[in-house]
Amino acid sequence: MLDHFLTRAVLGAVGVAVAAAPLGVFVVWRRMAYFGDATAHAAVLGVALALAFSAPVFAGTLLISLGMAFAVAALTGRGFGPDMILGVASHSALAFGLVAVSLVDGPRISLEAYLFGDILAVAKSDLLMIWCGAAAVWALILWRWNGLLLATLSPDLSYASDNDPEREKYVLMLALALVVAVAIKIVGALLIGAMLIIPAASARPFARTPEQMVIGAAGLGICASLLGLWAAWEIDTPAGPSIVCAAAGLFLISSLFGRR
């Protein structure tokens, strides 16, 4: 069954949607959209370093994404506004990544595959990595669910309950880096942020509890993945951007008909 490229594409897209769902709700609640973009853009530098040292791309993107996340967290609050830090980090990381890729020895690689994804080239080993990453993200979020939720709603209340909101922030960063590492081949560095934010934002008007929002985000993410792949197959459009366009369409419907 996995020998057909379209089956692998569907399973890969669904895996990314499942991985992004629980993290996306916290990104929306904490208004961390630009933080997700900065981490995703840094992944391009991770790709370049992985190719330069003949290391797995997953390892390179995970390490650099984690480094970017921790660096932004460390700089924020030290006399710099978070918007400024995220703006500098996001654009600088992408620029350094593109320059580094151009300097890698050997055959020229296609930057488009890492910027916008190449879902139709997903291999069986990629599927294993994607679904293991999704399982790790869910395990991490479920393990820290109460602490993450409390730190998101009220840092002061979190401290009063002997829960460290700073620790929970770093848990989110680890989960975010995992999502970026597994998603870069599916939707690319420029579109990962969209898959984190749009399904969660679409689920928000219909959710009455945080748990419902997570399940709704996962369901809408899966729907967007399947609709985007169908559109890409039928009208011959890029698969990654088509998935994001489908997610945007679902968000529009949610905004028009969702509960106020």
# chains A, B, ... in the order shown; residues from 1 in each chain; ligands from 1
>>> select_by_dssp(residues="region 70-236 of chain A", states="alpha helix (DSSP H)", output="PyMOL selection string")
chain A and resi 70-75+82-103+111-116+124-143+145-153+155-160+165-183+192-203+210-235
>>> residues_around(residues="Ser225 (chain A)", least_positions_apart="6", cutoff="8 Å", atoms="only C-alpha atoms", output="PyMOL selection string")
chain A and resi 10+13-14+17+243-244+246-247
>>> write_last_selection(atoms="N, CA, C and O atoms", output="CSV table (one decimal), in the first residue's frame")
chain,number,residue,atom,x,y,z
A,10,VAL,N,-0.7,11.3,1.2
A,10,VAL,CA,-1.8,11.5,2.1
A,10,VAL,C,-1.4,11.2,3.6
A,10,VAL,O,-1.8,12.0,4.5
A,13,ALA,N,0.7,14.1,4.9
A,13,ALA,CA,0.0,15.3,5.2
A,13,ALA,C,-0.9,15.1,6.4
A,13,ALA,O,-0.9,16.1,7.2
A,14,VAL,N,-1.5,14.0,6.6
A,14,VAL,CA,-2.3,13.8,7.7
A,14,VAL,C,-1.5,13.7,9.0
A,14,VAL,O,-1.9,14.3,10.0
A,17,ALA,N,-0.7,17.3,10.0
A,17,ALA,CA,-1.9,17.9,10.6
A,17,ALA,C,-2.1,17.4,12.0
A,17,ALA,O,-2.4,18.2,12.9
A,243,ILE,N,-2.6,22.9,0.1
A,243,ILE,CA,-3.1,22.5,1.5
A,243,ILE,C,-3.4,23.7,2.3
A,243,ILE,O,-4.4,23.8,3.0
A,244,VAL,N,-2.5,24.7,2.3
A,244,VAL,CA,-2.7,25.9,3.0
A,244,VAL,C,-3.9,26.7,2.5
A,244,VAL,O,-4.6,27.3,3.3
A,246,ALA,N,-6.5,25.4,1.1
A,246,ALA,CA,-7.7,24.7,1.6
A,246,ALA,C,-8.0,25.0,3.1
A,246,ALA,O,-9.1,25.2,3.5
A,247,ALA,N,-6.9,25.1,3.9
A,247,ALA,CA,-7.0,25.5,5.3
A,247,ALA,C,-7.6,26.9,5.4
A,247,ALA,O,-8.5,27.2,6.3
>>> closest_residue(among="A:Cys132, A:Ala69, A:Ala203, A:Ala218", to="Ser254 (chain A)", atoms="only C-alpha atoms")
A:Ala203
>>> atom_distance(atom1="CA of Trp131 (chain A)", atom2="CA of Ala93 (chain A)")
26.8 Å
>>> residues_around(residues="region 112-121 of chain A", least_positions_apart="6", cutoff="12 Å", atoms="only C-alpha atoms", output="PyMOL selection string")
chain A and resi 3-16+40-48+57-58+61+94+97-98+101+127+130+180-194+225+228-229+232-233+237-244
>>> atom_distance(atom1="CA of Ala55 (chain A)", atom2="CA of Leu103 (chain A)")
16.1 Å
>>> closest_atom_pairs(of="region 104-177 of chain A", to="region 27-31 of chain A", cutoff="9 Å", atoms="only C-alpha atoms", output="JSON lines")
{"residue": "A:Thr152", "atom": "CA", "partner": "A:Arg30", "partner_atom": "CA", "distance": 6.5}
{"residue": "A:Leu153", "atom": "CA", "partner": "A:Trp29", "partner_atom": "CA", "distance": 8.5}
{"residue": "A:Leu172", "atom": "CA", "partner": "A:Val27", "partner_atom": "CA", "distance": 8.7}
>>> residues_around(residues="region 209-215 of chain A", least_positions_apart="3", cutoff="12 Å", atoms="only C-alpha atoms", output="PyMOL selection string")
chain A and resi 17-29+138+141-142+145-146+148-150+152-153+196-197+199-206+218-222
>>> residues_around(residues="Met68 (chain A)", least_positions_apart="5", cutoff="8 Å", atoms="only C-alpha atoms", output="PyMOL selection string")
chain A and resi 38-39+42+89
>>> write_last_selection(atoms="N, CA, C and O atoms", output="tab-separated table (two decimals), in the first residue's frame")
chain	number	residue	atom	x	y	z
A	38	ALA	N	9.49	32.28	12.91
A	38	ALA	CA	10.94	32.43	13.12
A	38	ALA	C	11.60	31.06	13.26
A	38	ALA	O	12.67	30.81	12.70
A	39	THR	N	10.96	30.17	14.01
A	39	THR	CA	11.51	28.83	14.19
A	39	THR	C	11.53	28.06	12.87
A	39	THR	O	12.49	27.35	12.55
A	42	ALA	N	14.26	29.28	10.53
A	42	ALA	CA	15.59	28.80	10.95
A	42	ALA	C	15.86	27.39	10.46
A	42	ALA	O	17.02	26.99	10.33
A	89	ALA	N	14.93	37.91	14.01
A	89	ALA	CA	15.29	36.49	14.00
A	89	ALA	C	14.72	35.77	12.78
A	89	ALA	O	15.41	34.98	12.14
>>> atom_distance(atom1="CA of Leu66 (chain A)", atom2="CA of Val122 (chain A)")
23.7 Å
>>> closest_residue(among="A:Val179, A:Ile198, A:Ile85, A:Ile235", to="Ser255 (chain A)", atoms="only C-alpha atoms")
A:Ile198
